[in-house]
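What's in protein-v8.txt: compact mmCIF, C-alpha atoms
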```txt
# COMPACT_ATOMS: atom_id res chain seq x y z
CA MET A 470 9.48 0.28 -20.61
CA SER A 471 10.96 -2.50 -18.45
CA SER A 472 10.36 -6.24 -18.41
CA THR A 473 10.66 -8.89 -15.70
CA SER A 474 11.77 -12.48 -15.92
CA SER A 475 8.13 -13.53 -16.30
CA GLY A 476 7.77 -11.35 -19.39
CA GLU A 477 5.71 -8.77 -17.51
CA ARG A 478 6.00 -5.32 -19.10
CA VAL A 479 6.02 -2.26 -16.85
CA ARG A 480 5.65 1.16 -18.48
CA THR A 481 4.22 4.61 -17.87
CA VAL A 482 1.44 5.90 -20.10
CA THR A 483 -0.55 9.14 -20.21
CA ALA A 484 -4.28 9.09 -20.91
CA ALA A 485 -6.87 11.85 -20.55
CA GLY A 486 -4.29 14.04 -18.85
CA ARG A 487 -3.33 11.46 -16.19
CA THR A 488 -0.01 9.64 -16.06
CA LEU A 489 -0.16 6.06 -14.80
CA ARG A 490 2.41 3.36 -14.13
CA THR A 491 1.09 0.17 -15.69
CA SER A 492 1.96 -3.51 -15.82
CA VAL A 493 0.98 -6.08 -18.44
CA ARG A 494 1.63 -9.78 -18.02
CA PRO A 495 1.11 -11.20 -21.52
CA GLY A 496 -0.94 -14.38 -21.62
CA THR A 497 -0.10 -17.45 -23.63
CA ASP A 498 -3.55 -17.71 -25.27
CA GLY A 499 -4.71 -14.72 -27.31
CA SER A 500 -8.29 -16.04 -27.42
CA VAL A 501 -8.71 -15.52 -23.66
CA PRO A 502 -9.97 -12.00 -22.82
CA PRO A 503 -7.48 -9.91 -20.83
CA LEU A 504 -8.21 -9.31 -17.15
CA LEU A 505 -7.94 -5.74 -15.87
CA LEU A 506 -7.31 -5.46 -12.11
CA MET A 507 -8.37 -2.40 -10.09
CA ASN A 508 -6.71 -2.24 -6.68
CA GLY A 509 -7.75 -1.15 -3.20
CA ILE A 510 -7.01 2.23 -1.66
CA GLY A 511 -3.36 3.10 -1.13
CA ALA A 512 -2.10 -0.16 -2.66
CA SER A 513 0.41 -0.27 -5.49
CA LEU A 514 0.03 -2.83 -8.25
CA GLU A 515 2.67 -5.05 -6.58
CA VAL A 516 0.27 -5.81 -3.71
CA LEU A 517 -1.82 -7.94 -6.09
CA GLN A 518 1.18 -10.05 -7.15
CA PRO A 519 0.13 -13.18 -5.19
CA PHE A 520 -3.22 -13.17 -6.96
CA VAL A 521 -1.61 -12.60 -10.37
CA ASP A 522 0.80 -15.48 -9.71
CA ALA A 523 -2.15 -17.76 -8.89
CA LEU A 524 -3.93 -17.04 -12.19
CA ASP A 525 -3.51 -19.25 -15.24
CA PRO A 526 -0.62 -17.98 -17.42
CA ARG A 527 -2.80 -18.18 -20.52
CA ARG A 528 -4.65 -15.05 -19.33
CA THR A 529 -3.20 -11.57 -19.97
CA ILE A 530 -3.24 -9.47 -16.78
CA ILE A 531 -3.33 -5.65 -16.78
CA ARG A 532 -2.63 -3.59 -13.66
CA PHE A 533 -2.01 0.08 -12.88
CA ASP A 534 -1.21 2.48 -10.05
CA VAL A 535 -3.72 5.27 -9.52
CA PRO A 536 -2.30 8.83 -9.48
CA GLY A 537 -0.04 9.43 -6.50
CA VAL A 538 0.10 5.77 -5.46
CA GLY A 539 2.94 3.36 -6.21
CA GLY A 540 4.88 4.53 -9.24
CA SER A 541 2.27 6.94 -10.66
CA PRO A 542 3.00 10.67 -10.17
CA PRO A 543 0.57 12.67 -8.02
CA PRO A 544 -2.46 14.16 -9.75
CA VAL A 545 -2.33 17.84 -10.60
CA VAL A 546 -6.04 18.19 -9.87
CA PRO A 547 -8.37 15.88 -7.91
CA TYR A 548 -10.47 13.21 -9.61
CA THR A 549 -13.60 11.19 -8.88
CA LEU A 550 -14.57 7.63 -9.74
CA ALA A 551 -16.76 8.97 -12.55
CA THR A 552 -14.01 11.09 -14.10
CA PHE A 553 -11.37 8.39 -13.70
CA GLY A 554 -13.25 5.80 -15.77
CA PRO A 555 -12.36 7.50 -19.07
CA VAL A 556 -8.72 7.61 -17.94
CA VAL A 557 -8.74 3.81 -17.55
CA SER A 558 -10.36 3.42 -20.98
CA GLY A 559 -7.70 5.66 -22.52
CA MET A 560 -4.99 3.71 -20.70
CA LEU A 561 -6.23 0.49 -22.31
CA ASP A 562 -6.04 2.16 -25.72
CA ARG A 563 -2.48 3.32 -25.10
CA LEU A 564 -1.49 -0.19 -24.04
CA GLY A 565 -2.93 -1.63 -27.27
CA PHE A 566 -6.12 -3.17 -25.85
CA ASP A 567 -8.91 -1.73 -27.96
CA GLY A 568 -11.44 -4.53 -27.45
CA SER A 569 -13.36 -5.72 -24.41
CA VAL A 570 -11.68 -6.94 -21.22
CA ASP A 571 -12.79 -8.65 -18.06
CA VAL A 572 -12.59 -6.39 -15.00
CA LEU A 573 -11.90 -7.23 -11.36
CA GLY A 574 -12.18 -4.54 -8.70
CA LEU A 575 -10.96 -5.08 -5.13
CA SER A 576 -12.35 -2.89 -2.34
CA TRP A 577 -11.96 0.75 -3.53
CA GLY A 578 -11.24 -0.63 -6.99
CA GLY A 579 -14.64 -2.32 -6.90
CA GLY A 580 -16.29 1.09 -6.92
CA LEU A 581 -14.21 2.14 -9.91
CA ALA A 582 -15.05 -1.18 -11.61
CA GLN A 583 -18.77 -0.59 -11.15
CA HIS A 584 -18.48 2.84 -12.76
CA PHE A 585 -16.36 1.47 -15.60
CA ALA A 586 -18.91 -1.26 -16.34
CA VAL A 587 -21.63 1.36 -16.83
CA GLN A 588 -19.61 4.10 -18.51
CA HIS A 589 -17.75 1.78 -20.88
CA ARG A 590 -20.20 -1.08 -21.27
CA ARG A 591 -18.75 -2.40 -24.51
CA ARG A 592 -15.25 -2.51 -23.04
CA CYS A 593 -16.25 -4.62 -20.02
CA ARG A 594 -17.22 -8.23 -20.83
CA ARG A 595 -17.48 -9.72 -17.33
CA LEU A 596 -17.17 -8.11 -13.92
CA VAL A 597 -15.77 -9.40 -10.61
CA LEU A 598 -16.40 -7.36 -7.44
CA ALA A 599 -14.25 -8.48 -4.52
CA ALA A 600 -14.59 -7.22 -0.93
CA THR A 601 -16.46 -4.15 -2.10
CA GLY A 602 -19.78 -2.41 -1.65
CA THR A 603 -22.00 0.38 -2.92
CA GLY A 604 -20.19 3.30 -1.28
CA ALA A 605 -21.87 5.86 0.93
CA LEU A 606 -25.21 4.01 0.87
CA MET A 607 -24.19 0.68 2.40
CA VAL A 608 -24.04 -1.07 5.75
CA PRO A 609 -20.94 0.62 7.18
CA ALA A 610 -17.95 -0.70 9.03
CA HIS A 611 -17.54 -0.04 12.74
CA PRO A 612 -16.50 3.60 13.31
CA ARG A 613 -13.16 2.46 14.77
CA VAL A 614 -12.41 0.53 11.56
CA LEU A 615 -13.42 3.51 9.43
CA GLY A 616 -11.07 5.66 11.49
CA ARG A 617 -8.16 3.38 10.66
CA MET A 618 -8.98 3.79 6.95
CA LEU A 619 -8.55 7.57 7.06
CA THR A 620 -4.75 7.31 7.03
CA PRO A 621 -2.25 5.45 4.81
CA ARG A 622 -0.16 4.54 7.88
CA ARG A 623 -0.80 0.78 7.54
CA HIS A 624 0.91 0.87 4.14
CA ARG A 625 3.94 2.67 5.54
CA ASP A 626 4.47 1.19 9.00
CA PRO A 627 4.74 -2.63 9.14
CA ALA A 628 4.56 -2.68 12.93
CA TYR A 629 1.34 -0.65 12.85
CA ALA A 630 -0.04 -2.91 10.10
CA ARG A 631 0.61 -5.96 12.27
CA ARG A 632 -1.04 -4.31 15.25
CA ILE A 633 -4.32 -3.44 13.50
CA ALA A 634 -4.47 -6.18 10.84
CA GLY A 635 -6.93 -8.43 12.64
CA GLU A 636 -9.19 -5.55 13.60
CA ILE A 637 -9.57 -4.06 10.12
CA TYR A 638 -8.99 -7.02 7.77
CA GLY A 639 -10.51 -9.89 9.77
CA GLY A 640 -10.27 -13.52 8.62
CA THR A 641 -6.90 -15.22 8.97
CA MET A 642 -5.32 -11.84 9.74
CA ARG A 643 -6.74 -12.12 13.26
CA ASP A 644 -4.33 -14.98 13.98
CA GLU A 645 -1.57 -14.17 11.46
CA PRO A 646 -1.22 -10.36 11.33
CA GLU A 647 2.34 -10.70 10.03
CA ARG A 648 0.89 -11.91 6.70
CA ALA A 649 -1.03 -8.67 6.31
CA ALA A 650 2.10 -6.62 6.95
CA ARG A 651 3.97 -8.64 4.32
CA ALA A 652 1.10 -8.37 1.83
CA LEU A 653 0.96 -4.60 2.11
CA HIS A 654 4.71 -3.99 2.04
CA ALA A 655 6.30 -6.73 -0.07
CA GLU A 656 8.03 -4.99 -2.98
CA THR A 657 5.58 -2.13 -2.74
CA ARG A 658 6.38 1.29 -4.12
CA LEU A 659 4.93 3.98 -1.89
CA GLY A 660 3.77 7.20 -3.50
CA PRO A 661 3.33 10.47 -1.59
CA ARG A 662 0.72 10.50 1.18
CA ARG A 663 -1.47 12.92 -0.73
CA GLY A 664 -2.04 10.23 -3.37
CA TYR A 665 -3.89 8.23 -0.70
CA TYR A 666 -5.99 11.24 0.29
CA TYR A 667 -6.85 12.03 -3.35
CA GLN A 668 -7.98 8.42 -3.72
CA LEU A 669 -10.04 8.61 -0.53
CA ALA A 670 -11.66 11.86 -1.67
CA ALA A 671 -12.48 10.38 -5.07
CA SER A 672 -15.04 8.07 -3.49
CA THR A 673 -16.35 10.36 -0.73
CA GLY A 674 -20.12 10.63 -0.95
CA TRP A 675 -20.22 8.23 -3.89
CA SER A 676 -22.77 5.42 -4.20
CA SER A 677 -23.51 2.90 -6.93
CA LEU A 678 -27.00 2.09 -5.63
CA PRO A 679 -28.74 4.47 -8.08
CA PHE A 680 -27.17 2.75 -11.11
CA LEU A 681 -26.65 -0.88 -10.06
CA ARG A 682 -29.49 -1.99 -12.36
CA LEU A 683 -27.56 -0.52 -15.29
CA ILE A 684 -24.71 -3.00 -14.80
CA ARG A 685 -25.80 -5.67 -17.29
CA GLN A 686 -22.57 -7.66 -17.49
CA PRO A 687 -22.42 -11.08 -15.83
CA THR A 688 -21.03 -10.26 -12.38
CA LEU A 689 -19.34 -12.36 -9.71
CA ILE A 690 -19.46 -10.94 -6.19
CA VAL A 691 -16.73 -12.34 -3.93
CA ALA A 692 -17.10 -11.56 -0.23
CA GLY A 693 -15.63 -12.71 3.07
CA ASP A 694 -17.79 -13.77 5.98
CA ASP A 695 -15.45 -11.89 8.36
CA ASP A 696 -14.74 -8.59 6.59
CA PRO A 697 -14.75 -5.66 9.07
CA ILE A 698 -14.36 -3.06 6.31
CA VAL A 699 -17.19 -4.26 4.05
CA PRO A 700 -19.64 -6.41 6.06
CA VAL A 701 -20.89 -9.38 4.02
CA VAL A 702 -24.49 -8.16 4.10
CA ASN A 703 -23.47 -5.58 1.48
CA ALA A 704 -22.53 -8.34 -0.96
CA ARG A 705 -25.93 -9.96 -0.46
CA VAL A 706 -27.67 -6.65 -1.23
CA MET A 707 -25.62 -6.19 -4.40
CA ALA A 708 -26.34 -9.75 -5.53
CA ARG A 709 -30.06 -9.05 -5.25
CA LEU A 710 -29.95 -5.74 -7.12
CA LEU A 711 -27.56 -6.54 -9.96
CA PRO A 712 -29.42 -7.96 -12.99
CA ASP A 713 -26.98 -10.83 -13.65
CA ALA A 714 -25.00 -11.63 -10.51
CA ARG A 715 -23.79 -14.62 -8.58
CA LEU A 716 -22.42 -14.52 -5.05
CA HIS A 717 -19.47 -16.44 -3.63
CA VAL A 718 -18.98 -16.07 0.12
CA TYR A 719 -15.67 -17.41 1.42
CA ARG A 720 -14.47 -17.96 4.96
CA GLY A 721 -12.12 -15.06 5.50
CA GLY A 722 -11.54 -11.33 5.60
CA HIS A 723 -11.03 -8.24 3.48
CA ILE A 724 -7.73 -9.03 1.72
CA ALA A 725 -8.16 -12.78 1.19
CA LEU A 726 -7.84 -12.21 -2.55
CA VAL A 727 -4.17 -11.52 -1.78
CA THR A 728 -3.47 -13.64 1.30
CA GLU A 729 -5.55 -16.64 0.18
CA ALA A 730 -5.04 -16.19 -3.55
CA ALA A 731 -4.63 -19.93 -4.23
CA GLU A 732 -8.15 -20.50 -2.92
CA LEU A 733 -9.91 -17.62 -4.66
CA ALA A 734 -8.13 -17.45 -8.05
CA PRO A 735 -9.81 -20.69 -9.29
CA VAL A 736 -13.22 -19.30 -8.25
CA VAL A 737 -12.62 -16.16 -10.31
CA GLU A 738 -11.26 -18.07 -13.30
CA GLU A 739 -14.15 -20.53 -13.37
CA PHE A 740 -16.52 -17.56 -13.58
CA LEU A 741 -14.50 -15.78 -16.28
CA ASP A 742 -14.26 -18.95 -18.37
CA GLY A 743 -17.95 -19.72 -17.92
```
Reformat the file's structure so that it appears as structure tokens.
Amino acid sequence: MSSTSSGERVRTVTAAGRTLRTSVRPGTDGSVPPLLLMNGIGASLEVLQPFVDALDPRRTIIRFDVPGVGGSPPPVVPYTLATFGPVVSGMLDRLGFDGSVDVLGLSWGGGLAQHFAVQHRRRCRRLVLAATGTGALMVPAHPRVLGRMLTPRRHRDPAYARRIAGEIYGGTMRDEPERAARALHAETRLGPRRGYYYQLAASTGWSSLPFLRLIRQPTLIVAGDDDPIVPVVNARVMARLLPDARLHVYRGGHIALVTEAAELAPVVEEFLDG
């Protein structure tokens, strides 16, 4: 286990046969429920650092790399969102969090978060779904955008990330693509390419539409009005179908949670503290 100057603890744990690199930033107030972050496809836990830095230090923050991404070793066998939920629950146990946590899922992580909220209802107190949708049964992105998502190249090639940032991420990335390149590459640890493809396969054909009504936790849906990957209409559909949901639409694109963290972190915290 290693620690940073901020007291963040980074360690590797094994749960349900999967080995994951994890990070815990201890909060200063033990009465505040921990917040578990679930990241987008191909992104190591470092990518979320701007958002973590913008959150109140009283809140404990838990992050992890999925198998084959960042510092987690590649999976021996493939996994799905449904089979990975128990791994996350076991990871929390191994890290010493045996009670309920708040859960935030970004993009691909939003699908995992929806599954976790249903599979492990008592472990998930409140749910935040950011720049995410219902999977295969949703209003899709433009085929050209979907084509860009089939490869991890944007995580590995800063010049390529700059070139396509506006097209796939929208929002301020249309005018400042360099920020997207920095967000995806700053301090990131890149796992083998097959980790990205395992992650992509885990959600292929998956949809949360059949079980959205089973998500009973208070849920905040955070969506950008210029998100080429997950058009905002999907957030409006989810807000109608979830039993206890509120919708926050911001001016921006797909990765604003990272690039505009100072704006969105207070929105998330107000909901969690509510």
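You can rank A:Thr491, A:Ser558, A:Thr620, A:Thr552 by their closest distance to A:Ala671 using all atoms listed in the file, and at the top of that list sits A:Thr552.
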- request: Give me, please, the distance in Å between atom CA of A:Pro544 and atom CA of A:Arg563, quoted to one decimal.
  value: 18.8 Å
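If you look at atom CA of A:Pro621 and atom CA of A:Pro542, they are 16.7 Å away from each other.
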Tell me which protein, DNA and RNA residues are within 8 Å of A:Ile633, counting all atoms listed in the file, leaving out same-chain ones fewer than 4 positions away, and put them as a PDB file with C-alpha atoms, in the frame of the given file.
```pdb
ATOM      1  CA  TYR A 629       1.340  -0.650  12.850  1.00  0.00           C
ATOM      2  CA  ILE A 637      -9.570  -4.060  10.120  1.00  0.00           C
ATOM      3  CA  PRO A 646      -1.220 -10.360  11.330  1.00  0.00           C
TER       4      PRO A 646
END
```
query: Can you tell me, as a PyMOL selection string, which residues sit within 7 Å of (-11.0, 1.2, -7.7) in the file's frame, using all atoms listed in the file?
result: chain A and resi 507-509+574-582
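When all atoms listed in the file are used to compute distances to A:Glu732, the closest of the residues A:Gly499, A:Pro526, A:Pro519, A:Gly635 turns out to be A:Pro519.
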query: Which neighbours of A:Leu524 fall inside 9 Å, counting all atoms listed in the file, when residues of the same chain fewer than 6 positions from it are skipped, and could you give them as a PyMOL selection string?
result: chain A and resi 530+730-731+734-735+737-738
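With distances restricted to only C-alpha atoms, A:Tyr638 is the closest residue to A:Asp696 from A:Phe566, A:Tyr638, A:Phe585, A:Tyr665.
The nearest approach to A:Ala634 among the residues A:His717, A:His723, A:Arg487, A:Arg528, with only C-alpha atoms taken into account, belongs to A:His723.
Distances to A:Arg617 were evaluated for A:Pro687, A:Arg632, A:Gly604, A:Arg595 using all atoms listed in the file, and the minimum falls at A:Arg632.
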- request: Might you pull out every residue within 8 Å of A:Arg623, with only C-alpha atoms counted and same-chain residues fewer than 6 positions away left off, and present them as a PyMOL selection string?
  value: chain A and resi 629-630+650+653
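Distance annotation: of A:Pro712, A:Gly496, A:Gly693, A:Gly602, the residue with the minimal separation from A:Ile531 is A:Gly496; atom set is all atoms listed in the file.
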Shell of 12 Å around A:Ala485, only C-alpha atoms, local chain residues under 5 positions omitted, as a VMD selection string: chain A and resid 544 548 552 to 563
message: Report, in Å to a single decimal, how far apart atom CA of A:Gly722 and atom CA of A:Glu515 are.
response: 19.7 Å
- prompt: Which polymer residues, protein or nucleic acid, are no farther than 7 Å from (-10.8, -6.0, -20.1), counting only C-alpha atoms, as a PyMOL selection string?
  reply: chain A and resi 502-505+569-572+592-594
